[in-house]
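This report concerns only the one structure given below.
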Amino acid sequence: MSRSALLQAVLIIACIGLTAFLFFSPKTMLTPKVSSAAVGSDFIFEQAKRKLQRQEVTSINELEKILETKTGSDRLTLLDSLAYRWDVLNEPAAAAEYYKKMGEINASEKSWGDAAQRYLAALRTENDSATGAWLLEQAIECYNKVVEINPENIDAKMDLALCYAETSNPMQGIRLLREVAEKHPENDKAQMNLGILSIRSGQFDKAVERFKKALELNPSQTEAYYFLGYSLVQKGDSGLALEAFKKYSESGKDAQLLKEANVYIDHFKN
């Protein structure tokens with residue numbers, strides 16, 4: 001896979017994954033398997049290396065030793081190489097650590113954004129609550145850096161808002177999302193994400209309105225069909241819910257959402 005194709009895959013996982021994570025997290029996040037005090041950069045690399053073949057670990061360890069001797073542009077180049085290596089190995093949290101180190105040196109919107117997106121990709125599949133909390137914290141830090149550098153980065157603001165929605169202060173995220181939606185009423189992602197938060201708060205009438213608006217603005221926002229169907233189920237409207245789930249089953253991309261949609265479809269048909 002080329003580097004550009006790999007980056008695109010990471011972006012798709014992060015964008016779809018955060019929405020799915022926000023929706024499913026109350027059902028999937030487990031109790032801590034490790035102490036929160038133990039989770040950090042060293043822990044992330046240790047866990048990632050345990051999954052590798054011995055020769056892969058040896059190669060990365062050698063690059064890490066070389067990194068210790070590098071400064072300036074040479075250090076940035078090697079950090080980028082290590083981040084890409086972890087991307088290829090499908091270990092986004094480890095890759096994120098190197099993109100974050102790049103951001104600390106070059107203070108670029110891209111480096112901080114690359115780190116944030118990979119922390120989110122890792123968060124999606126993490127089932128340990130202590131590690132998940134750490135990944136979320138890192139993502140928030142990185143997205144805040146992105147927004148500081150470029151306050152007009154709407155996607156970063158929305159992802160930051162959804163991250164805040166998973167903390168002990170969810171209203172911070174809701175306010176930020178509303179700010180984006182009011183300033184950019186044509187943004188379908190803002191409507192989509194506000195719909196998700198409406199589901200989380202049990203406001204299914206508002207959720208239905210948000211998802212319908214998202215589809216009106218962008219009919220290709222297929223995930224909205226799933227969440228529209230879910231919201232309609234909660235309102236007791238099984239007929240319209242079935243229609244929405246069928247539309248998602250025809251064009252949806254997220255495996256977890258497709259599985260859930262097909263369960264609903266089978267239920268309503270029987």
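In the structure tokens, chains take letters A, B, ... by order of appearance, with residues numbered from 1 within each chain and ligands from 1 in the order shown.
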Quiz item: Near Ala214 (chain A), counting only C-alpha atoms, which residues have an atom at most 8 Å away, once you skip same-chain residues fewer than 3 positions from it, shown as number ranges by chain?
Solution: A: 187-189, 191-192, 210-211, 217-219, 221, 224
Quiz item: Got a sec: who's within 10 Å of Lys157 (chain A), counting only C-alpha atoms, leaving out chain neighbours fewer than 5 positions off, as a PyMOL selection string?
Solution: chain A and resi 143-144+146-147+150-152+162-163+173+176-177+179-180+190
Exercise. Would you please extract all alpha helix (DSSP H) residues from region 105-178 of chain A, as assigned by DSSP on the backbone, and give them as a VMD selection string?
Key: chain A and resid 105 to 106 109 to 125 129 to 149 154 to 165 170 to 178
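Computed from the coordinates, the CA of Asn270 (chain A) to CA of Lys212 (chain A) distance equals 26.9 Å.
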Exercise. Could you check which of A:Glu148, A:Asp237, A:Glu243, A:Asp42 is closest to Ser108 (chain A), using only C-alpha atoms?
Key: A:Glu148
Self-check item: Within 12 Å of Gly195 (chain A) using only C-alpha atoms, minus same-chain residues under 6 positions, as number ranges by chain
Solution: A: 19, 22-23, 162, 174, 177-178, 181, 188-189, 201-215, 223-231
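The list of residues with at least one atom within 12 Å of Asn106 (chain A), based on only C-alpha atoms and without residues fewer than 2 positions apart in the same chain, reads Gly72, Ser73, Arg75, Leu76, Thr77, Leu79, Asp80, Tyr99, Lys100, Lys101, Met102, Gly103, Glu104, Ser108, Glu109, Lys110, Ser111, Trp112 and Ile149 of chain A.
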Would you save the residues of that selection, restricted to N, CA and C atoms, as a PDB file, in the first residue's frame?
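Once written, part-v7.pdb looks like this:
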ATOM      1  N   GLY A  72      17.486  18.521  14.623  1.00  0.00           N
ATOM      2  CA  GLY A  72      17.019  19.332  13.500  1.00  0.00           C
ATOM      3  C   GLY A  72      16.231  18.560  12.466  1.00  0.00           C
ATOM      4  N   SER A  73      16.483  18.869  11.180  1.00  0.00           N
ATOM      5  CA  SER A  73      15.735  18.258  10.087  1.00  0.00           C
ATOM      6  C   SER A  73      15.988  16.762   9.992  1.00  0.00           C
ATOM      7  N   ARG A  75      16.390  14.742  12.482  1.00  0.00           N
ATOM      8  CA  ARG A  75      15.546  14.100  13.494  1.00  0.00           C
ATOM      9  C   ARG A  75      14.097  14.035  13.004  1.00  0.00           C
ATOM     10  N   LEU A  76      13.622  15.105  12.387  1.00  0.00           N
ATOM     11  CA  LEU A  76      12.258  15.115  11.857  1.00  0.00           C
ATOM     12  C   LEU A  76      12.071  14.028  10.803  1.00  0.00           C
ATOM     13  N   THR A  77      13.057  13.882   9.938  1.00  0.00           N
ATOM     14  CA  THR A  77      12.975  12.867   8.887  1.00  0.00           C
ATOM     15  C   THR A  77      12.881  11.466   9.485  1.00  0.00           C
ATOM     16  N   LEU A  79      11.892  10.683  12.584  1.00  0.00           N
ATOM     17  CA  LEU A  79      10.608  10.575  13.289  1.00  0.00           C
ATOM     18  C   LEU A  79       9.491  10.223  12.310  1.00  0.00           C
ATOM     19  N   ASP A  80       9.505  10.858  11.153  1.00  0.00           N
ATOM     20  CA  ASP A  80       8.505  10.581  10.130  1.00  0.00           C
ATOM     21  C   ASP A  80       8.620   9.138   9.641  1.00  0.00           C
ATOM     22  N   TYR A  99       4.294  11.128  15.481  1.00  0.00           N
ATOM     23  CA  TYR A  99       3.741  12.336  14.869  1.00  0.00           C
ATOM     24  C   TYR A  99       3.640  13.459  15.908  1.00  0.00           C
ATOM     25  N   LYS A 100       3.310  13.091  17.135  1.00  0.00           N
ATOM     26  CA  LYS A 100       3.252  14.093  18.197  1.00  0.00           C
ATOM     27  C   LYS A 100       4.635  14.688  18.452  1.00  0.00           C
ATOM     28  N   LYS A 101       5.660  13.845  18.471  1.00  0.00           N
ATOM     29  CA  LYS A 101       7.027  14.351  18.646  1.00  0.00           C
ATOM     30  C   LYS A 101       7.401  15.300  17.518  1.00  0.00           C
ATOM     31  N   MET A 102       6.939  15.001  16.300  1.00  0.00           N
ATOM     32  CA  MET A 102       7.181  15.901  15.177  1.00  0.00           C
ATOM     33  C   MET A 102       6.502  17.252  15.412  1.00  0.00           C
ATOM     34  N   GLY A 103       5.263  17.211  15.905  1.00  0.00           N
ATOM     35  CA  GLY A 103       4.533  18.435  16.177  1.00  0.00           C
ATOM     36  C   GLY A 103       5.212  19.295  17.226  1.00  0.00           C
ATOM     37  N   GLU A 104       5.803  18.645  18.213  1.00  0.00           N
ATOM     38  CA  GLU A 104       6.511  19.382  19.262  1.00  0.00           C
ATOM     39  C   GLU A 104       7.744  20.093  18.712  1.00  0.00           C
ATOM     40  N   SER A 108       3.615  22.139  13.456  1.00  0.00           N
ATOM     41  CA  SER A 108       2.778  22.205  12.259  1.00  0.00           C
ATOM     42  C   SER A 108       1.396  21.621  12.512  1.00  0.00           C
ATOM     43  N   GLU A 109       0.424  22.211  11.865  1.00  0.00           N
ATOM     44  CA  GLU A 109      -0.949  21.733  11.955  1.00  0.00           C
ATOM     45  C   GLU A 109      -1.035  20.280  11.494  1.00  0.00           C
ATOM     46  N   LYS A 110      -0.305  19.943  10.431  1.00  0.00           N
ATOM     47  CA  LYS A 110      -0.360  18.587   9.878  1.00  0.00           C
ATOM     48  C   LYS A 110       0.165  17.556  10.874  1.00  0.00           C
ATOM     49  N   SER A 111       1.298  17.820  11.501  1.00  0.00           N
ATOM     50  CA  SER A 111       1.872  16.850  12.431  1.00  0.00           C
ATOM     51  C   SER A 111       0.945  16.603  13.612  1.00  0.00           C
ATOM     52  N   TRP A 112       0.419  17.687  14.189  1.00  0.00           N
ATOM     53  CA  TRP A 112      -0.497  17.528  15.315  1.00  0.00           C
ATOM     54  C   TRP A 112      -1.775  16.804  14.885  1.00  0.00           C
ATOM     55  N   ILE A 149      -3.391  26.464  16.119  1.00  0.00           N
ATOM     56  CA  ILE A 149      -2.646  26.856  14.927  1.00  0.00           C
ATOM     57  C   ILE A 149      -3.594  27.351  13.829  1.00  0.00           C
TER      58      ILE A 149
END
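Nearest residue to Leu136 (chain A), choosing from A:Leu258, A:Ile105, A:Ala115, A:Ala48 and counting only C-alpha atoms: A:Ala115.
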